[in-house]
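Listing of entry.txt; format and content: compact mmCIF, C-alpha atoms and all ligand atoms.
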```
# COMPACT_ATOMS: atom_id res chain seq x y z
CA MET A 94 13.32 -11.49 1.15
CA GLU A 95 11.19 -12.70 4.03
CA VAL A 96 8.46 -10.07 4.21
CA LEU A 97 5.88 -9.57 6.96
CA VAL A 98 2.63 -7.82 6.05
CA ALA A 99 1.03 -6.00 9.00
CA GLY A 100 -2.70 -5.74 8.33
CA ALA A 101 -2.56 -8.71 5.97
CA HIS A 102 -6.33 -9.29 6.10
CA GLY A 103 -7.18 -5.68 5.27
CA GLN A 104 -8.40 -4.62 1.86
CA VAL A 105 -4.98 -3.38 0.74
CA GLY A 106 -3.21 -5.97 2.88
CA GLN A 107 -4.84 -8.91 1.10
CA HIS A 108 -3.65 -7.61 -2.27
CA VAL A 109 -0.15 -7.11 -0.84
CA THR A 110 -0.11 -10.58 0.70
CA GLU A 111 -1.23 -12.26 -2.50
CA LEU A 112 1.28 -10.34 -4.64
CA LEU A 113 4.12 -11.27 -2.29
CA ALA A 114 3.04 -14.91 -2.24
CA GLU A 115 3.17 -14.94 -6.06
CA SER A 116 6.61 -13.27 -6.09
CA ASP A 117 10.08 -14.55 -5.29
CA HIS A 118 9.70 -13.25 -1.74
CA ASP A 119 8.56 -15.35 1.22
CA ALA A 120 5.29 -13.86 2.45
CA TYR A 121 4.15 -13.75 6.09
CA GLY A 122 0.70 -12.34 6.83
CA MET A 123 0.08 -10.92 10.28
CA VAL A 124 -3.47 -10.88 11.69
CA ARG A 125 -4.82 -10.39 15.21
CA ASP A 126 -7.91 -12.57 14.77
CA GLU A 127 -7.50 -16.37 14.78
CA ASP A 128 -10.46 -16.74 12.43
CA GLN A 129 -8.47 -14.95 9.70
CA LEU A 130 -5.48 -17.28 9.77
CA SER A 131 -6.89 -19.69 7.17
CA ASP A 132 -7.61 -16.82 4.75
CA ILE A 133 -3.94 -15.84 4.87
CA ASP A 134 -3.03 -19.44 4.16
CA ASP A 135 -5.45 -19.39 1.20
CA LEU A 136 -3.66 -16.30 -0.17
CA GLY A 137 -0.46 -18.37 -0.22
CA ALA A 138 1.32 -16.78 2.74
CA GLU A 139 2.43 -18.03 6.14
CA PRO A 140 -0.08 -16.78 8.74
CA VAL A 141 1.21 -15.12 11.91
CA LEU A 142 -1.01 -14.26 14.89
CA ALA A 143 -0.03 -10.95 16.49
CA ASP A 144 -1.61 -7.70 17.61
CA LEU A 145 0.11 -4.38 16.94
CA THR A 146 -0.81 -3.16 20.40
CA GLU A 147 0.94 -6.08 22.13
CA ASP A 148 4.37 -7.73 22.08
CA ILE A 149 5.02 -8.65 18.44
CA THR A 150 8.62 -9.81 18.63
CA HIS A 151 7.65 -13.29 17.39
CA ALA A 152 6.07 -11.78 14.26
CA VAL A 153 9.08 -9.74 13.16
CA GLU A 154 12.02 -11.93 14.20
CA ASP A 155 13.94 -13.38 11.24
CA ARG A 156 12.09 -11.15 8.74
CA ASP A 157 14.01 -8.97 6.26
CA ALA A 158 11.25 -6.45 5.59
CA ILE A 159 7.86 -5.24 6.77
CA ILE A 160 5.04 -3.77 4.74
CA PHE A 161 2.69 -1.89 7.06
CA ALA A 162 -0.85 -1.92 5.63
CA ALA A 163 -2.73 -1.96 8.95
CA GLY A 164 -5.06 0.72 10.20
CA SER A 165 -7.64 1.41 12.88
CA GLY A 166 -10.38 2.48 10.48
CA GLY A 167 -10.75 5.52 12.72
CA ASN A 168 -11.52 3.46 15.83
CA ASP A 169 -8.27 3.92 17.76
CA VAL A 170 -6.03 6.27 15.81
CA TRP A 171 -3.55 6.92 18.63
CA GLY A 172 -3.46 3.30 19.84
CA VAL A 173 -3.13 1.63 16.40
CA ASP A 174 -2.24 4.14 13.67
CA ARG A 175 0.41 5.85 15.81
CA ASP A 176 1.40 3.61 18.75
CA GLY A 177 0.85 0.30 16.91
CA ALA A 178 3.10 1.54 14.12
CA ILE A 179 5.69 2.75 16.63
CA ASN A 180 5.54 -0.64 18.36
CA ILE A 181 6.38 -2.52 15.16
CA VAL A 182 9.11 -0.03 14.20
CA ASP A 183 10.72 -0.60 17.62
CA ALA A 184 10.40 -4.38 17.27
CA ALA A 185 11.84 -4.26 13.75
CA GLU A 186 14.84 -2.26 14.93
CA ALA A 187 15.40 -4.58 17.90
CA GLU A 188 15.23 -7.68 15.69
CA GLY A 189 17.43 -6.29 12.91
CA VAL A 190 14.74 -6.08 10.23
CA GLY A 191 16.31 -3.74 7.71
CA ARG A 192 13.50 -2.57 5.48
CA PHE A 193 10.14 -0.95 6.22
CA VAL A 194 7.50 0.20 3.74
CA MET A 195 4.76 2.28 5.35
CA LEU A 196 1.28 2.82 3.93
CA SER A 197 0.50 6.33 5.10
CA SER A 198 -1.96 8.88 3.72
CA ILE A 199 -2.05 11.99 1.60
CA ASN A 200 -2.41 15.11 3.76
CA ALA A 201 -0.75 13.43 6.77
CA ASP A 202 1.38 16.56 7.05
CA GLN A 203 -1.46 18.88 5.97
CA PRO A 204 -4.53 17.73 7.96
CA GLU A 205 -6.16 21.12 7.37
CA ASN A 206 -6.62 20.05 3.71
CA SER A 207 -8.92 17.19 4.79
CA PRO A 208 -12.36 17.11 6.39
CA GLU A 209 -12.41 17.62 10.16
CA ALA A 210 -13.38 13.96 10.77
CA LEU A 211 -10.08 12.77 9.30
CA ARG A 212 -7.73 15.22 10.97
CA GLU A 213 -6.98 13.30 14.16
CA TYR A 214 -6.24 10.17 12.13
CA LEU A 215 -3.91 12.19 9.87
CA ARG A 216 -2.06 13.64 12.85
CA ALA A 217 -1.58 10.12 14.25
CA LYS A 218 -0.25 8.91 10.86
CA ALA A 219 2.13 11.89 10.65
CA GLU A 220 3.57 11.10 14.10
CA ALA A 221 4.07 7.43 13.14
CA ASP A 222 5.76 8.46 9.89
CA GLU A 223 8.07 10.83 11.74
CA TYR A 224 9.01 8.09 14.20
CA LEU A 225 9.85 5.76 11.32
CA ARG A 226 11.96 8.45 9.64
CA GLU A 227 13.94 8.88 12.87
CA SER A 228 14.57 5.12 13.16
CA ASP A 229 17.54 3.19 11.80
CA LEU A 230 15.31 1.33 9.33
CA THR A 231 15.56 1.80 5.58
CA TYR A 232 12.10 3.25 5.10
CA THR A 233 9.76 4.20 2.29
CA ILE A 234 6.60 6.12 3.20
CA VAL A 235 3.82 5.98 0.62
CA ARG A 236 0.94 8.47 0.94
CA PRO A 237 -1.98 7.67 -1.35
CA GLY A 238 -5.14 9.67 -1.88
CA PRO A 239 -8.58 8.16 -1.20
CA LEU A 240 -8.63 4.42 -1.91
CA THR A 241 -11.15 2.76 -4.23
CA ASN A 242 -12.01 -0.84 -5.02
CA GLU A 243 -11.78 -0.28 -8.79
CA GLU A 244 -9.64 -2.78 -10.64
CA GLY A 245 -5.99 -1.71 -10.69
CA THR A 246 -4.49 -0.33 -13.90
CA GLY A 247 -0.80 -0.62 -12.98
CA GLU A 248 -0.41 3.08 -13.76
CA ILE A 249 0.27 5.70 -11.12
CA ARG A 250 1.41 9.22 -10.37
CA THR A 251 3.80 10.06 -7.52
CA GLY A 252 5.29 13.27 -6.18
CA ALA A 253 6.28 15.29 -3.14
CA ASP A 254 3.12 17.39 -3.22
CA LEU A 255 0.63 16.23 -5.85
CA ASP A 256 -2.00 18.48 -7.36
CA ARG A 257 -5.04 17.61 -5.19
CA ASP A 258 -7.44 17.18 -8.16
CA ASP A 259 -8.38 13.58 -8.71
CA VAL A 260 -6.02 11.81 -6.30
CA GLU A 261 -8.04 8.61 -5.86
CA ILE A 262 -6.31 5.31 -6.50
CA PRO A 263 -7.42 1.65 -6.57
CA ARG A 264 -6.27 -0.39 -3.57
CA GLU A 265 -4.80 -2.94 -5.98
CA ASP A 266 -2.40 -0.32 -7.41
CA VAL A 267 -1.44 0.84 -3.92
CA ALA A 268 -0.54 -2.76 -3.09
CA ARG A 269 1.50 -3.14 -6.29
CA THR A 270 3.36 0.07 -5.46
CA LEU A 271 4.14 -1.05 -1.90
CA VAL A 272 5.53 -4.37 -3.14
CA ALA A 273 7.47 -2.78 -6.01
CA ALA A 274 9.00 -0.26 -3.61
CA LEU A 275 10.49 -3.03 -1.45
CA GLU A 276 13.58 -3.42 -3.59
CA THR A 277 13.55 -0.14 -5.53
CA GLU A 278 16.46 1.80 -4.08
CA ASN A 279 15.23 5.14 -5.44
CA THR A 280 12.40 4.94 -2.90
CA TYR A 281 14.68 4.35 0.11
CA GLY A 282 14.53 7.11 2.70
CA LYS A 283 11.73 8.87 0.81
CA THR A 284 8.19 9.99 1.56
CA PHE A 285 5.96 10.50 -1.46
CA GLU A 286 2.32 10.95 -2.43
CA LEU A 287 0.52 8.50 -4.71
CA ALA A 288 -2.51 8.67 -6.99
CA ALA A 289 -3.78 6.97 -10.11
CA GLY A 290 -1.90 8.18 -13.16
CA ASP A 291 -0.43 7.25 -16.49
CA GLU A 292 3.06 6.04 -15.70
CA SER A 293 4.00 2.44 -15.05
CA ILE A 294 4.75 1.73 -11.39
CA ASP A 295 8.37 0.78 -12.10
CA ARG A 296 8.93 3.98 -14.04
CA ALA A 297 7.24 6.22 -11.48
CA LEU A 298 9.34 4.70 -8.69
CA GLU A 299 12.54 5.61 -10.52
CA ASP A 300 11.82 9.20 -9.44
CA PRO A 301 9.06 9.04 -6.80
CA LEU A 302 9.42 12.69 -5.78
CA GLY A 303 9.07 13.94 -9.34
CA ASP A 304 5.63 15.09 -10.50
N1 LIG B 401 -9.40 4.56 3.09
C1 LIG B 401 -8.70 5.46 2.44
O1 LIG B 401 -9.21 6.16 1.54
C2 LIG B 401 -7.23 5.64 2.75
C3 LIG B 401 -6.52 6.64 2.11
C4 LIG B 401 -5.14 6.75 2.35
C5 LIG B 401 -4.53 5.87 3.22
N2 LIG B 401 -5.25 4.89 3.86
C6 LIG B 401 -4.56 3.98 4.78
O2 LIG B 401 -4.59 2.68 4.20
C7 LIG B 401 -4.78 1.74 5.26
C8 LIG B 401 -5.30 0.42 4.69
O3 LIG B 401 -6.57 0.63 4.10
P1 LIG B 401 -7.60 -0.59 3.97
O4 LIG B 401 -8.75 -0.08 3.21
O5 LIG B 401 -6.85 -1.81 3.51
O6 LIG B 401 -7.97 -0.77 5.53
P2 LIG B 401 -8.70 -2.03 6.23
O7 LIG B 401 -9.38 -2.86 5.23
O8 LIG B 401 -9.48 -1.45 7.35
O9 LIG B 401 -7.49 -2.88 6.82
C9 LIG B 401 -6.83 -2.56 8.00
C10 LIG B 401 -6.30 -3.83 8.62
O10 LIG B 401 -5.54 -3.48 9.80
C11 LIG B 401 -5.81 -4.48 10.76
N3 LIG B 401 -5.58 -4.04 12.14
C12 LIG B 401 -6.25 -3.06 12.80
N4 LIG B 401 -5.80 -2.99 14.07
C13 LIG B 401 -4.85 -3.95 14.22
C14 LIG B 401 -4.04 -4.37 15.30
N5 LIG B 401 -4.12 -3.80 16.51
N6 LIG B 401 -3.15 -5.38 15.09
C15 LIG B 401 -3.05 -5.97 13.87
N7 LIG B 401 -3.81 -5.63 12.79
C16 LIG B 401 -4.70 -4.62 12.98
C17 LIG B 401 -7.28 -4.82 10.56
O11 LIG B 401 -7.56 -6.07 11.15
P3 LIG B 401 -8.99 -6.47 11.82
O12 LIG B 401 -9.74 -7.19 10.76
O13 LIG B 401 -8.59 -7.36 12.96
O14 LIG B 401 -9.64 -5.18 12.28
C18 LIG B 401 -7.38 -4.82 9.04
O15 LIG B 401 -7.10 -6.09 8.51
C19 LIG B 401 -5.76 2.47 6.19
O16 LIG B 401 -5.71 1.94 7.48
C20 LIG B 401 -5.22 3.88 6.14
O17 LIG B 401 -4.21 4.07 7.14
C21 LIG B 401 -6.59 4.77 3.63
```
Would it be possible to restate this file's structure as structure tokens?
Amino acid sequence: MEVLVAGAHGQVGQHVTELLAESDHDAYGMVRDEDQLSDIDDLGAEPVLADLTEDITHAVEDRDAIIFAAGSGGNDVWGVDRDGAINIVDAAEAEGVGRFVMLSSINADQPENSPEALREYLRAKAEADEYLRESDLTYTIVRPGPLTNEEGTGEIRTGADLDRDDVEIPREDVARTLVAALETENTYGKTFELAAGDESIDRALEDPLGD
């Protein structure tokens, strides 16, 4: 598949971009900063200059799938985490992109479980997720716990409502899960939580809502 990574220069996005470039897929890495284009090239993907808050038709046309790994970092949650996501969902629908894998967050539907400082961001993510679910796209929504920069283990835990103890996960394993989900039909049309665990990614994605 021809896969566009939104947020390709982010910490998760760079892992995703590199994994896609090493796979049988054709990888396209979207960034909004010209200075980052050569880094995407170095990761082995085709760089695309586009901003989620502007017209991004050129970035999504002719693509088969999108992995959304972008985020505002708390700076503009409504403009980027919600409306930027909605913008790319609309563009994907208009251009006939069939598949969309969304990097969301644990507690998006339960902001009261997170510290006050995160709640507005979580509400914005929840609204973006809901918009994606209402679209015609074949979606998968992945909601990890807090991300770490530990080396990935390739082993995860997924479920509809994970036990909140110890839900951290390395960014590398989040990226592997997003890429593995692309063509795993058992994840289509599903929203699930993700944490480090003891099951292989392929096995966990056979039943992502199990616990
Ligand atoms: N941190 C956590 O513990 C946690 C937990 C659960 C879920 N998440 C989700 O995971 C996402 C990815 O995490 P991360 O650590 O990889 O984040 P990150 O390093 O901050 O990466 C986010 C990327 O999004 C890009 N971006 C921001 N606004 C954009 C725009 N308007 N157009 C195009 N690209 C834009 C940024 O580009 P620039 O370099 O141009 O700013 C950056 O490359 C987070 O955004 C969050 O939604 C995070």
- Between A:Leu302, A:Ala162, A:Ile149, A:Ile133, which has the minimum distance to A:Gly106 (counting only C-alpha atoms)?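 Checking each of A:Leu302, A:Ala162, A:Ile149, A:Ile133 against A:Gly106, counting only C-alpha atoms, the winner is A:Ala162.
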Just need the box for ligand LIG 401 (chain B), edges along x, y and z, holding every atom the file lists for it with 4 Å tacked onto each side, so centre and edge lengths in Å to one decimal, as JSON.
```
{"center_x": -6.4, "center_y": -0.3, "center_z": 9.0, "size_x": 14.7, "size_y": 22.1, "size_z": 23.0}
```
What are the nearest atom pairs, with distances in Å to one decimal, for all residues of stretch 130-244 of chain A that come at most 9 Å from stretch 111-122 of chain A, using only C-alpha atoms, set out by chain and rising residue number as a Markdown table?
```
| residue | atom | partner | partner_atom | distance |
| --- | --- | --- | --- | --- |
| A:Leu130 | CA | A:Gly122 | CA | 8.4 |
| A:Ile133 | CA | A:Gly122 | CA | 6.1 |
| A:Asp134 | CA | A:Gly122 | CA | 8.5 |
| A:Leu136 | CA | A:Glu111 | CA | 5.3 |
| A:Gly137 | CA | A:Ala114 | CA | 5.3 |
| A:Ala138 | CA | A:Ala120 | CA | 4.9 |
| A:Glu139 | CA | A:Tyr121 | CA | 4.6 |
| A:Pro140 | CA | A:Gly122 | CA | 4.9 |
| A:Val141 | CA | A:Gly122 | CA | 5.8 |
| A:Leu142 | CA | A:Gly122 | CA | 8.5 |
| A:Ala152 | CA | A:Tyr121 | CA | 8.6 |
| A:Arg156 | CA | A:Tyr121 | CA | 8.8 |
```
How about saving the chosen residues, C-alpha atoms kept, as a short mmCIF file (atom, residue, chain, number, x, y, z; two decimals), in the frame of the given file?
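Produced file result_15.cif, reproduced below:
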```cif
data_model
loop_
_atom_site.label_atom_id
_atom_site.label_comp_id
_atom_site.auth_asym_id
_atom_site.auth_seq_id
_atom_site.Cartn_x
_atom_site.Cartn_y
_atom_site.Cartn_z
CA LEU A 130 -5.48 -17.28 9.77
CA ILE A 133 -3.94 -15.84 4.87
CA ASP A 134 -3.03 -19.44 4.16
CA LEU A 136 -3.66 -16.30 -0.17
CA GLY A 137 -0.46 -18.37 -0.22
CA ALA A 138 1.32 -16.78 2.74
CA GLU A 139 2.43 -18.03 6.14
CA PRO A 140 -0.08 -16.78 8.74
CA VAL A 141 1.21 -15.12 11.91
CA LEU A 142 -1.01 -14.26 14.89
CA ALA A 152 6.07 -11.78 14.26
CA ARG A 156 12.09 -11.15 8.74
#
```
- Query: Near A:Val194, counting all atoms listed in the file, which residues have an atom at most 9 Å away, once you skip same-chain residues fewer than 2 positions from it, shown as a list in words?
  - Reply: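 Here the qualifying residues turn out to be Ala158, Ile159, Ile160, Phe161, Ala162, Arg192, Leu196, Thr231, Tyr232, Thr233, Ile234, Val235, Leu271, Val272, Ala274 and Leu275 of chain A.
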Please find the residues contacting ligand LIG 401 (chain B) at a distance of at most 7 Å between atoms, with all atoms listed in the file counted, and report them as a CSV table (one decimal) with C-alpha atoms, in the frame of the given file.
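Dumped to part_1.csv:
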```
chain,number,residue,atom,x,y,z
A,99,ALA,CA,1.0,-6.0,9.0
A,100,GLY,CA,-2.7,-5.7,8.3
A,101,ALA,CA,-2.6,-8.7,6.0
A,102,HIS,CA,-6.3,-9.3,6.1
A,103,GLY,CA,-7.2,-5.7,5.3
A,104,GLN,CA,-8.4,-4.6,1.9
A,105,VAL,CA,-5.0,-3.4,0.7
A,106,GLY,CA,-3.2,-6.0,2.9
A,123,MET,CA,0.1,-10.9,10.3
A,124,VAL,CA,-3.5,-10.9,11.7
A,125,ARG,CA,-4.8,-10.4,15.2
A,126,ASP,CA,-7.9,-12.6,14.8
A,143,ALA,CA,0.0,-11.0,16.5
A,144,ASP,CA,-1.6,-7.7,17.6
A,145,LEU,CA,0.1,-4.4,16.9
A,146,THR,CA,-0.8,-3.2,20.4
A,162,ALA,CA,-0.8,-1.9,5.6
A,163,ALA,CA,-2.7,-2.0,9.0
A,164,GLY,CA,-5.1,0.7,10.2
A,165,SER,CA,-7.6,1.4,12.9
A,166,GLY,CA,-10.4,2.5,10.5
A,173,VAL,CA,-3.1,1.6,16.4
A,174,ASP,CA,-2.2,4.1,13.7
A,177,GLY,CA,0.8,0.3,16.9
A,196,LEU,CA,1.3,2.8,3.9
A,197,SER,CA,0.5,6.3,5.1
A,198,SER,CA,-2.0,8.9,3.7
A,199,ILE,CA,-2.0,12.0,1.6
A,236,ARG,CA,0.9,8.5,0.9
A,237,PRO,CA,-2.0,7.7,-1.4
A,238,GLY,CA,-5.1,9.7,-1.9
A,239,PRO,CA,-8.6,8.2,-1.2
A,240,LEU,CA,-8.6,4.4,-1.9
A,241,THR,CA,-11.2,2.8,-4.2
```
- Query: Which residue out of A:Gln129, A:Thr270, A:Thr277, A:Asn200 has the minimum interatomic distance to A:Gly247 when only C-alpha atoms are used?
  - Reply: A:Thr270
- Note on the structure: In Å and to one decimal, atom CA of A:Asn242 is distant from atom CA of A:Gly172 by 26.6 Å
- Query: Could you state the separation of atom CA of A:Ala217 and atom CA of A:Val170 in Å, given to one decimal place?
  - Reply: 6.1 Å
Kindly complete stretch 168-204 of chain A to N, CA and C atoms; the output should be written as a PDB file, in the frame of the given file.
```
ATOM      1  N   ASN A 168     -11.032   3.881  14.517  1.00  0.00           N
ATOM      2  CA  ASN A 168     -11.520   3.460  15.830  1.00  0.00           C
ATOM      3  C   ASN A 168     -10.564   3.752  16.983  1.00  0.00           C
ATOM      4  N   ASP A 169      -9.258   3.709  16.705  1.00  0.00           N
ATOM      5  CA  ASP A 169      -8.270   3.920  17.760  1.00  0.00           C
ATOM      6  C   ASP A 169      -7.014   4.486  17.098  1.00  0.00           C
ATOM      7  N   VAL A 170      -7.114   5.724  16.631  1.00  0.00           N
ATOM      8  CA  VAL A 170      -6.030   6.270  15.810  1.00  0.00           C
ATOM      9  C   VAL A 170      -4.721   6.385  16.583  1.00  0.00           C
ATOM     10  N   TRP A 171      -4.808   6.768  17.872  1.00  0.00           N
ATOM     11  CA  TRP A 171      -3.550   6.920  18.630  1.00  0.00           C
ATOM     12  C   TRP A 171      -3.005   5.555  19.033  1.00  0.00           C
ATOM     13  N   GLY A 172      -3.898   4.622  19.378  1.00  0.00           N
ATOM     14  CA  GLY A 172      -3.460   3.300  19.840  1.00  0.00           C
ATOM     15  C   GLY A 172      -2.940   2.419  18.713  1.00  0.00           C
ATOM     16  N   VAL A 173      -3.529   2.510  17.513  1.00  0.00           N
ATOM     17  CA  VAL A 173      -3.130   1.630  16.400  1.00  0.00           C
ATOM     18  C   VAL A 173      -2.326   2.385  15.343  1.00  0.00           C
ATOM     19  N   ASP A 174      -2.901   3.462  14.796  1.00  0.00           N
ATOM     20  CA  ASP A 174      -2.240   4.140  13.670  1.00  0.00           C
ATOM     21  C   ASP A 174      -0.917   4.797  14.096  1.00  0.00           C
ATOM     22  N   ARG A 175      -0.868   5.303  15.327  1.00  0.00           N
ATOM     23  CA  ARG A 175       0.410   5.850  15.810  1.00  0.00           C
ATOM     24  C   ARG A 175       1.167   4.818  16.652  1.00  0.00           C
ATOM     25  N   ASP A 176       0.610   4.425  17.819  1.00  0.00           N
ATOM     26  CA  ASP A 176       1.400   3.610  18.750  1.00  0.00           C
ATOM     27  C   ASP A 176       1.617   2.187  18.235  1.00  0.00           C
ATOM     28  N   GLY A 177       0.654   1.636  17.495  1.00  0.00           N
ATOM     29  CA  GLY A 177       0.850   0.300  16.910  1.00  0.00           C
ATOM     30  C   GLY A 177       1.972   0.332  15.886  1.00  0.00           C
ATOM     31  N   ALA A 178       2.019   1.395  15.106  1.00  0.00           N
ATOM     32  CA  ALA A 178       3.100   1.540  14.120  1.00  0.00           C
ATOM     33  C   ALA A 178       4.439   1.709  14.837  1.00  0.00           C
ATOM     34  N   ILE A 179       4.446   2.541  15.869  1.00  0.00           N
ATOM     35  CA  ILE A 179       5.690   2.750  16.630  1.00  0.00           C
ATOM     36  C   ILE A 179       6.158   1.441  17.252  1.00  0.00           C
ATOM     37  N   ASN A 180       5.207   0.658  17.743  1.00  0.00           N
ATOM     38  CA  ASN A 180       5.540  -0.640  18.360  1.00  0.00           C
ATOM     39  C   ASN A 180       6.247  -1.564  17.359  1.00  0.00           C
ATOM     40  N   ILE A 181       5.770  -1.600  16.129  1.00  0.00           N
ATOM     41  CA  ILE A 181       6.380  -2.520  15.160  1.00  0.00           C
ATOM     42  C   ILE A 181       7.691  -1.947  14.614  1.00  0.00           C
ATOM     43  N   VAL A 182       7.819  -0.633  14.581  1.00  0.00           N
ATOM     44  CA  VAL A 182       9.110  -0.030  14.200  1.00  0.00           C
ATOM     45  C   VAL A 182      10.155  -0.388  15.262  1.00  0.00           C
ATOM     46  N   ASP A 183       9.786  -0.246  16.533  1.00  0.00           N
ATOM     47  CA  ASP A 183      10.720  -0.600  17.620  1.00  0.00           C
ATOM     48  C   ASP A 183      11.111  -2.075  17.545  1.00  0.00           C
ATOM     49  N   ALA A 184      10.118  -2.938  17.333  1.00  0.00           N
ATOM     50  CA  ALA A 184      10.400  -4.380  17.270  1.00  0.00           C
ATOM     51  C   ALA A 184      11.290  -4.689  16.072  1.00  0.00           C
ATOM     52  N   ALA A 185      11.038  -4.031  14.961  1.00  0.00           N
ATOM     53  CA  ALA A 185      11.840  -4.260  13.750  1.00  0.00           C
ATOM     54  C   ALA A 185      13.285  -3.851  14.007  1.00  0.00           C
ATOM     55  N   GLU A 186      13.476  -2.713  14.633  1.00  0.00           N
ATOM     56  CA  GLU A 186      14.840  -2.260  14.930  1.00  0.00           C
ATOM     57  C   GLU A 186      15.536  -3.255  15.870  1.00  0.00           C
ATOM     58  N   ALA A 187      14.813  -3.675  16.905  1.00  0.00           N
ATOM     59  CA  ALA A 187      15.400  -4.580  17.900  1.00  0.00           C
ATOM     60  C   ALA A 187      15.775  -5.917  17.278  1.00  0.00           C
ATOM     61  N   GLU A 188      15.005  -6.358  16.295  1.00  0.00           N
ATOM     62  CA  GLU A 188      15.230  -7.680  15.690  1.00  0.00           C
ATOM     63  C   GLU A 188      16.085  -7.599  14.420  1.00  0.00           C
ATOM     64  N   GLY A 189      16.546  -6.420  14.071  1.00  0.00           N
ATOM     65  CA  GLY A 189      17.430  -6.290  12.910  1.00  0.00           C
ATOM     66  C   GLY A 189      16.740  -6.432  11.564  1.00  0.00           C
ATOM     67  N   VAL A 190      15.451  -6.120  11.513  1.00  0.00           N
ATOM     68  CA  VAL A 190      14.740  -6.080  10.230  1.00  0.00           C
ATOM     69  C   VAL A 190      15.203  -4.806   9.527  1.00  0.00           C
ATOM     70  N   GLY A 191      15.694  -4.912   8.306  1.00  0.00           N
ATOM     71  CA  GLY A 191      16.310  -3.740   7.710  1.00  0.00           C
ATOM     72  C   GLY A 191      15.356  -2.788   7.019  1.00  0.00           C
ATOM     73  N   ARG A 192      14.289  -3.339   6.460  1.00  0.00           N
ATOM     74  CA  ARG A 192      13.500  -2.570   5.480  1.00  0.00           C
ATOM     75  C   ARG A 192      12.070  -2.407   5.967  1.00  0.00           C
ATOM     76  N   PHE A 193      11.504  -1.214   5.755  1.00  0.00           N
ATOM     77  CA  PHE A 193      10.140  -0.950   6.220  1.00  0.00           C
ATOM     78  C   PHE A 193       9.426  -0.075   5.205  1.00  0.00           C
ATOM     79  N   VAL A 194       8.320  -0.582   4.669  1.00  0.00           N
ATOM     80  CA  VAL A 194       7.500   0.200   3.740  1.00  0.00           C
ATOM     81  C   VAL A 194       6.184   0.518   4.434  1.00  0.00           C
ATOM     82  N   MET A 195       5.934   1.808   4.585  1.00  0.00           N
ATOM     83  CA  MET A 195       4.760   2.280   5.350  1.00  0.00           C
ATOM     84  C   MET A 195       3.665   2.778   4.413  1.00  0.00           C
ATOM     85  N   LEU A 196       2.456   2.253   4.600  1.00  0.00           N
ATOM     86  CA  LEU A 196       1.280   2.820   3.930  1.00  0.00           C
ATOM     87  C   LEU A 196       0.754   3.938   4.819  1.00  0.00           C
ATOM     88  N   SER A 197       0.954   5.151   4.357  1.00  0.00           N
ATOM     89  CA  SER A 197       0.500   6.330   5.100  1.00  0.00           C
ATOM     90  C   SER A 197      -0.678   6.940   4.352  1.00  0.00           C
ATOM     91  N   SER A 198      -0.822   8.234   4.395  1.00  0.00           N
ATOM     92  CA  SER A 198      -1.960   8.880   3.720  1.00  0.00           C
ATOM     93  C   SER A 198      -1.588  10.264   3.209  1.00  0.00           C
ATOM     94  N   ILE A 199      -2.169  10.605   2.073  1.00  0.00           N
ATOM     95  CA  ILE A 199      -2.050  11.990   1.600  1.00  0.00           C
ATOM     96  C   ILE A 199      -2.575  12.910   2.692  1.00  0.00           C
ATOM     97  N   ASN A 200      -2.002  14.089   2.776  1.00  0.00           N
ATOM     98  CA  ASN A 200      -2.410  15.110   3.760  1.00  0.00           C
ATOM     99  C   ASN A 200      -2.017  14.753   5.204  1.00  0.00           C
ATOM    100  N   ALA A 201      -1.176  13.720   5.395  1.00  0.00           N
ATOM    101  CA  ALA A 201      -0.750  13.430   6.770  1.00  0.00           C
ATOM    102  C   ALA A 201      -0.048  14.648   7.378  1.00  0.00           C
ATOM    103  N   ASP A 202       0.697  15.372   6.534  1.00  0.00           N
ATOM    104  CA  ASP A 202       1.380  16.560   7.050  1.00  0.00           C
ATOM    105  C   ASP A 202       0.563  17.839   6.842  1.00  0.00           C
ATOM    106  N   GLN A 203      -0.612  17.694   6.218  1.00  0.00           N
ATOM    107  CA  GLN A 203      -1.460  18.880   5.970  1.00  0.00           C
ATOM    108  C   GLN A 203      -2.910  18.543   6.318  1.00  0.00           C
ATOM    109  N   PRO A 204      -3.174  18.178   7.593  1.00  0.00           N
ATOM    110  CA  PRO A 204      -4.530  17.730   7.960  1.00  0.00           C
ATOM    111  C   PRO A 204      -5.596  18.763   7.655  1.00  0.00           C
TER     112      PRO A 204
END
```
